[in-house]
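Engineer: Structure in structure tokens, see below.
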Amino acid sequence: MADAAVSVPVSGPECDRQNASRLTRLLAAPSFQKWAARFPLTRRFVRSEGAAMFDLVAGFCHSQVLYALVALDIPKALLAHELSLSVLAQQGRMPPERMAVLLSAAMALGLLKQRKSGLYALTTRGAALAGVPGLAGMIMHHDVLYRDLSDPVAFFRGEVDTELAAFWPYVFGAGAATDPANAARYSQLMADSQRLVADDTLAAVDFRGVARLMDVGGGSGAFLAAVGAAYPGLGMTLFDLPAVVPAAQDRFAAAGMADRVQIVPGSFRDQPLPRGADMISLVRVLYDHSDDTVVDLLAAAHAALPPGGRIVISEPMTGGAVPHRAGDAYFALYCMAMRTGRARSADRIATLLQLAGFSNLRLPRPARPFITSVVEGVR
Ligand SMILES: CC(C)=CCC/C(C)=C/CC/C(C)=C/C=C/C(C)=C/C=C/C=C(C)/C=C/C=C(C)/C=C/C=C(C)/C=C/CC(C)(C)O
Ligand SMILES: C[S@@+](CC[C@H](N)C(=O)[O-])C[C@H]1O[C@@H](n2cnc3c(N)ncnc32)[C@H](O)[C@@H]1O
């Protein structure tokens, strides 16, 4: 572990420091905490604050319980049959008494329940976990991020040679992402998790009146396939790295959309974007890249669109001035571990769009910020 002690600078302009408020210091005082825990008007609040703080302390254990459950395929197994401890222990190749600890932990986390018969079953949340497309895959690849975060102070200082960056090689440029097997692996993970992103983007954006939508960084085409199914008259172009697009051909052929989609392999870092679309989407693309790359990419999108053409950015965003858990305590760390990108707020993305020449910006309130947020602009 790196030295966790952080020295606070003692010199500097007055505006860099101000005494913590008296209330803050009062709340931190053990004697006040003890009194407030007993006082009838404050004790419920103190209890719930304590429980919330304990959840923060123990969150890393909760994540590992979730990971073990998914790695052992328990949600899938319980979706088919309610099962006994001995069957689950046998399937998980562990002693029943250890499996019982895992199952109780999962019950405590609201994922499993136990029938009077002793059989284990999924709760509402457990059933959702088993069914959310791509979620199991996302949970399973968290072992990489977990290792990257094992020394969190070094991680935030930028002293960790993160593994996650190698998991998504394209972030270092097209040249790093030429292996089709590797591209197929990460494209599948993104495609699986794309369904909910596509649902929320379709709910937030009106694609009526669009003649051709170009999805830049569209991966294996899962987003275009969803929009194309919802808007049968829509023409589509998919632009992505050459190693990624073969999977898209198969998807559009299987969906009977091959004649509606033009696939253009290429890198937006090295060449202009194709023209001909009156709308461009960038779904989960900007947060992989630095501001410089994003500024160039948005300028390229502006150049490729006709006047009145629209741009849609859809990806998980931070809360900006009002940070939120999904954006600021997960995606921001995730993007930092990827090293090249950063999670941005909707306001920041709107500013970058304005800089690229877009106007009439729309920032619809996201239905599920942990799935995606949307910013739209017009050329
Ligand atoms: C009838 C009864 C019994 C009850 C009625 C009550 C009722 C209606 C209950 C609802 C039950 C239900 C259907 C629940 C559904 C829940 C759903 C849909 C939950 C969805 C959860 C989604 C989650 C948690 C998504 C997580 C996504 C993650 C972690 C994505 C990560 C993506 C990353 C890291 C992308 C990386 C790409 C890169 C490389 C950065 O570019
Ligand atoms: C996080 S994935 C998102 C894929 C898809 N839009 C989705 O949401 O599932 C980012 C995509 O951007 C593509 N990409 C990265 N760098 C690129 C570049 N220089 N030119 C074109 N596409 C690129 C990647 O190959 C990948 O398919």
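Going by the structure tokens order, chains are called A, B, ..., each with residues numbered from 1, while ligands are numbered from 1 in the order shown.
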Please check which protein, DNA or RNA residues sit within 8 Å of ligand 2, counting only C-alpha atoms and all ligand atoms, and write them as a compact mmCIF listing (two decimals) with N, CA and C atoms, in the first residue's frame.

Structural biologist:
```
# COMPACT_ATOMS: atom_id res chain seq x y z
N TYR A 170 -8.38 -0.60 -28.00
CA TYR A 170 -8.59 0.43 -29.02
C TYR A 170 -8.40 1.84 -28.47
N VAL A 171 -8.44 1.98 -27.14
CA VAL A 171 -8.32 3.33 -26.60
C VAL A 171 -6.95 3.94 -26.89
N PHE A 172 -5.97 3.07 -27.22
CA PHE A 172 -4.65 3.62 -27.56
C PHE A 172 -4.49 3.85 -29.06
N GLY A 173 -5.60 3.83 -29.79
CA GLY A 173 -5.55 4.11 -31.23
C GLY A 173 -5.83 2.86 -32.02
N ALA A 174 -6.17 3.09 -33.30
CA ALA A 174 -6.60 1.98 -34.15
C ALA A 174 -5.53 0.90 -34.23
N ALA A 177 -5.66 -2.05 -31.92
CA ALA A 177 -6.88 -2.88 -31.89
C ALA A 177 -7.06 -3.62 -33.21
N ALA A 183 -11.00 -8.01 -30.60
CA ALA A 183 -12.08 -7.08 -30.92
C ALA A 183 -13.43 -7.76 -30.71
N SER A 187 -16.21 -6.41 -28.21
CA SER A 187 -17.44 -5.97 -28.89
C SER A 187 -18.64 -6.73 -28.33
N MET A 190 -19.72 -5.25 -25.06
CA MET A 190 -20.44 -3.98 -25.27
C MET A 190 -21.81 -4.21 -25.87
N ALA A 191 -21.88 -5.16 -26.83
CA ALA A 191 -23.17 -5.42 -27.49
C ALA A 191 -24.18 -5.95 -26.47
N ASP A 192 -23.72 -6.86 -25.58
CA ASP A 192 -24.63 -7.43 -24.58
C ASP A 192 -25.19 -6.34 -23.68
N SER A 193 -24.33 -5.37 -23.33
CA SER A 193 -24.78 -4.34 -22.40
C SER A 193 -25.45 -3.17 -23.14
N GLN A 194 -25.59 -3.29 -24.46
CA GLN A 194 -26.11 -2.18 -25.27
C GLN A 194 -27.63 -2.09 -25.21
N VAL A 197 -29.03 0.51 -22.96
CA VAL A 197 -28.57 1.83 -23.43
C VAL A 197 -29.43 2.24 -24.63
N ASP A 215 -23.85 5.83 -36.98
CA ASP A 215 -23.40 5.54 -35.62
C ASP A 215 -21.88 5.41 -35.66
N VAL A 216 -21.21 6.39 -35.08
CA VAL A 216 -19.74 6.41 -35.11
C VAL A 216 -19.23 5.68 -33.86
N GLY A 217 -18.33 4.72 -34.08
CA GLY A 217 -17.90 3.87 -32.97
C GLY A 217 -19.03 2.94 -32.59
N GLY A 218 -19.75 2.50 -33.62
CA GLY A 218 -20.99 1.73 -33.40
C GLY A 218 -20.77 0.26 -33.06
N GLY A 219 -19.51 -0.16 -32.95
CA GLY A 219 -19.21 -1.53 -32.54
C GLY A 219 -19.81 -2.53 -33.50
N SER A 220 -20.42 -3.57 -32.94
CA SER A 220 -20.96 -4.63 -33.79
C SER A 220 -22.40 -4.33 -34.21
N GLY A 221 -22.84 -3.08 -34.05
CA GLY A 221 -24.12 -2.66 -34.64
C GLY A 221 -25.35 -2.86 -33.78
N ALA A 222 -25.16 -3.14 -32.49
CA ALA A 222 -26.33 -3.42 -31.65
C ALA A 222 -27.24 -2.19 -31.54
N PHE A 223 -26.65 -0.99 -31.46
CA PHE A 223 -27.48 0.22 -31.32
C PHE A 223 -28.24 0.48 -32.61
N PHE A 239 -19.83 3.24 -38.59
CA PHE A 239 -18.41 3.55 -38.74
C PHE A 239 -17.68 3.05 -37.51
N ASP A 240 -16.71 2.18 -37.73
CA ASP A 240 -15.89 1.70 -36.59
C ASP A 240 -14.59 1.15 -37.14
N LEU A 241 -13.72 0.75 -36.26
CA LEU A 241 -12.41 0.23 -36.66
C LEU A 241 -12.57 -1.05 -37.48
N ALA A 243 -11.23 -3.92 -37.40
CA ALA A 243 -11.28 -5.21 -36.69
C ALA A 243 -12.65 -5.48 -36.09
N VAL A 244 -13.46 -4.43 -35.95
CA VAL A 244 -14.74 -4.56 -35.24
C VAL A 244 -15.89 -4.88 -36.19
N PRO A 265 -15.51 0.82 -42.57
CA PRO A 265 -14.42 0.64 -41.61
C PRO A 265 -13.45 1.81 -41.65
N GLY A 266 -12.96 2.22 -40.51
CA GLY A 266 -11.99 3.32 -40.49
C GLY A 266 -11.79 3.82 -39.08
N SER A 267 -10.85 4.76 -38.95
CA SER A 267 -10.57 5.36 -37.64
C SER A 267 -10.86 6.85 -37.68
N PHE A 268 -11.65 7.32 -36.74
CA PHE A 268 -11.96 8.75 -36.71
C PHE A 268 -10.75 9.59 -36.29
N ARG A 269 -9.70 8.91 -35.82
CA ARG A 269 -8.48 9.65 -35.49
C ARG A 269 -7.67 9.97 -36.73
N ASP A 270 -7.86 9.13 -37.77
CA ASP A 270 -6.95 9.23 -38.92
C ASP A 270 -7.62 9.69 -40.21
N LEU A 282 -23.12 9.04 -31.22
CA LEU A 282 -21.88 8.60 -30.58
C LEU A 282 -22.30 7.98 -29.25
N VAL A 283 -22.37 6.67 -29.24
CA VAL A 283 -22.90 5.98 -28.06
C VAL A 283 -21.75 5.32 -27.31
N ARG A 284 -21.51 5.76 -26.08
CA ARG A 284 -20.43 5.24 -25.24
C ARG A 284 -19.08 5.33 -25.96
N VAL A 285 -18.87 6.45 -26.64
CA VAL A 285 -17.62 6.66 -27.36
C VAL A 285 -16.79 7.77 -26.72
N ASP A 288 -14.35 7.32 -23.68
CA ASP A 288 -13.11 6.56 -23.86
C ASP A 288 -11.94 7.46 -24.19
N GLU A 315 -24.23 8.27 -23.32
CA GLU A 315 -23.29 7.48 -22.52
C GLU A 315 -23.52 7.83 -21.04
```

Engineer: Which parts of stretch 33-225 of chain A does DSSP call strand (DSSP E) when run on the backbone here, written out as a PDB file with N, CA and C atoms, in the first residue's frame?

Structural biologist:
```pdb
ATOM      1  N   LEU A 112     -31.265 -13.178  -2.855  1.00  0.00           N
ATOM      2  CA  LEU A 112     -31.828 -14.525  -2.711  1.00  0.00           C
ATOM      3  C   LEU A 112     -32.775 -14.566  -1.532  1.00  0.00           C
ATOM      4  N   LYS A 113     -33.645 -15.572  -1.527  1.00  0.00           N
ATOM      5  CA  LYS A 113     -34.468 -15.844  -0.345  1.00  0.00           C
ATOM      6  C   LYS A 113     -34.484 -17.354  -0.129  1.00  0.00           C
ATOM      7  N   GLN A 114     -34.880 -17.754   1.095  1.00  0.00           N
ATOM      8  CA  GLN A 114     -34.933 -19.183   1.385  1.00  0.00           C
ATOM      9  C   GLN A 114     -36.366 -19.565   1.708  1.00  0.00           C
ATOM     10  N   TYR A 120     -33.380 -22.590  -1.893  1.00  0.00           N
ATOM     11  CA  TYR A 120     -33.045 -21.188  -2.177  1.00  0.00           C
ATOM     12  C   TYR A 120     -33.715 -20.754  -3.486  1.00  0.00           C
ATOM     13  N   ALA A 121     -34.176 -19.487  -3.513  1.00  0.00           N
ATOM     14  CA  ALA A 121     -34.845 -18.950  -4.703  1.00  0.00           C
ATOM     15  C   ALA A 121     -34.385 -17.511  -4.922  1.00  0.00           C
ATOM     16  N   LEU A 122     -34.648 -16.993  -6.120  1.00  0.00           N
ATOM     17  CA  LEU A 122     -34.284 -15.603  -6.421  1.00  0.00           C
ATOM     18  C   LEU A 122     -35.339 -14.657  -5.873  1.00  0.00           C
ATOM     19  N   ARG A 212     -30.942   9.278 -42.676  1.00  0.00           N
ATOM     20  CA  ARG A 212     -29.813   8.351 -42.467  1.00  0.00           C
ATOM     21  C   ARG A 212     -29.098   8.676 -41.162  1.00  0.00           C
ATOM     22  N   LEU A 213     -29.001   7.674 -40.337  1.00  0.00           N
ATOM     23  CA  LEU A 213     -28.298   7.807 -39.049  1.00  0.00           C
ATOM     24  C   LEU A 213     -26.936   7.143 -39.178  1.00  0.00           C
ATOM     25  N   MET A 214     -25.887   7.871 -38.841  1.00  0.00           N
ATOM     26  CA  MET A 214     -24.550   7.255 -38.824  1.00  0.00           C
ATOM     27  C   MET A 214     -24.120   7.082 -37.373  1.00  0.00           C
ATOM     28  N   ASP A 215     -23.848   5.830 -36.980  1.00  0.00           N
ATOM     29  CA  ASP A 215     -23.396   5.540 -35.620  1.00  0.00           C
ATOM     30  C   ASP A 215     -21.876   5.411 -35.658  1.00  0.00           C
ATOM     31  N   VAL A 216     -21.212   6.391 -35.083  1.00  0.00           N
ATOM     32  CA  VAL A 216     -19.741   6.411 -35.109  1.00  0.00           C
ATOM     33  C   VAL A 216     -19.225   5.681 -33.862  1.00  0.00           C
TER      34      VAL A 216
END
```

Engineer: According to DSSP computed on the backbone, where in stretch 11-54 of chain A is there alpha helix (DSSP H)? Give the residues as a list of chain:residue names.

Structural biologist: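 Selection result, alpha helix (DSSP H) within stretch 11-54 of chain A: A:Arg22, A:Leu23, A:Thr24, A:Arg25, A:Leu26, A:Leu27, A:Ala28, A:Pro30, A:Ser31, A:Phe32, A:Gln33, A:Lys34, A:Trp35, A:Ala36, A:Ala37, A:Arg38, A:Arg43, A:Arg44, A:Phe45, A:Val46, A:Arg47, A:Ser48, A:Glu49, A:Gly50, A:Ala51, A:Ala52, A:Met53, A:Phe54.
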
Engineer: Could you give me, as a Markdown table, every chain A residue with an atom at most 6 Å from ligand 1, plus its closest atom pair and distance in Å to one decimal, counting only C-alpha atoms and all ligand atoms, rows ordered by chain then number?

Structural biologist:
```
| residue | atom | partner | partner_atom_place_in_ligand_line | distance |
| --- | --- | --- | --- | --- |
| A:Thr124 | CA | ligand 1 | 11 (C) | 5.6 |
| A:Ala128 | CA | ligand 1 | 15 (C) | 4.8 |
| A:Val132 | CA | ligand 1 | 18 (C) | 5.6 |
| A:Leu135 | CA | ligand 1 | 26 (C) | 5.9 |
| A:Met138 | CA | ligand 1 | 29 (C) | 5.9 |
| A:Arg284 | CA | ligand 1 | 41 (O) | 5.5 |
| A:Asp288 | CA | ligand 1 | 41 (O) | 5.5 |
| A:Cys335 | CA | ligand 1 | 40 (C) | 5.9 |
| A:Ile371 | CA | ligand 1 | 25 (C) | 5.9 |
```

Engineer: Write out as a count of residues only the residues lying within 8 Å of A:Thr372, counting only C-alpha atoms and excluding same-chain residues fewer than 5 positions away.

Structural biologist: 8

Engineer: Considering only C-alpha atoms, return as a list of chain:residue names whatever protein or nucleic-acid residues lie within 8 Å of stretch 56-70 of chain A, sequence-local ones (same chain, fewer than 2 positions apart) excluded.

Structural biologist: A:Ala52, A:Met53, A:Phe54, A:Leu72, A:Asp73, A:Ile74, A:Pro75, A:Leu102, A:Ala105, A:Ala106, A:Leu109, A:Ala136, A:Ile139, A:Met140

Engineer: Could you check how far atom CA of A:Arg195 sits from atom CA of A:Ala248, in Å to one decimal?

Structural biologist: 15.2 Å
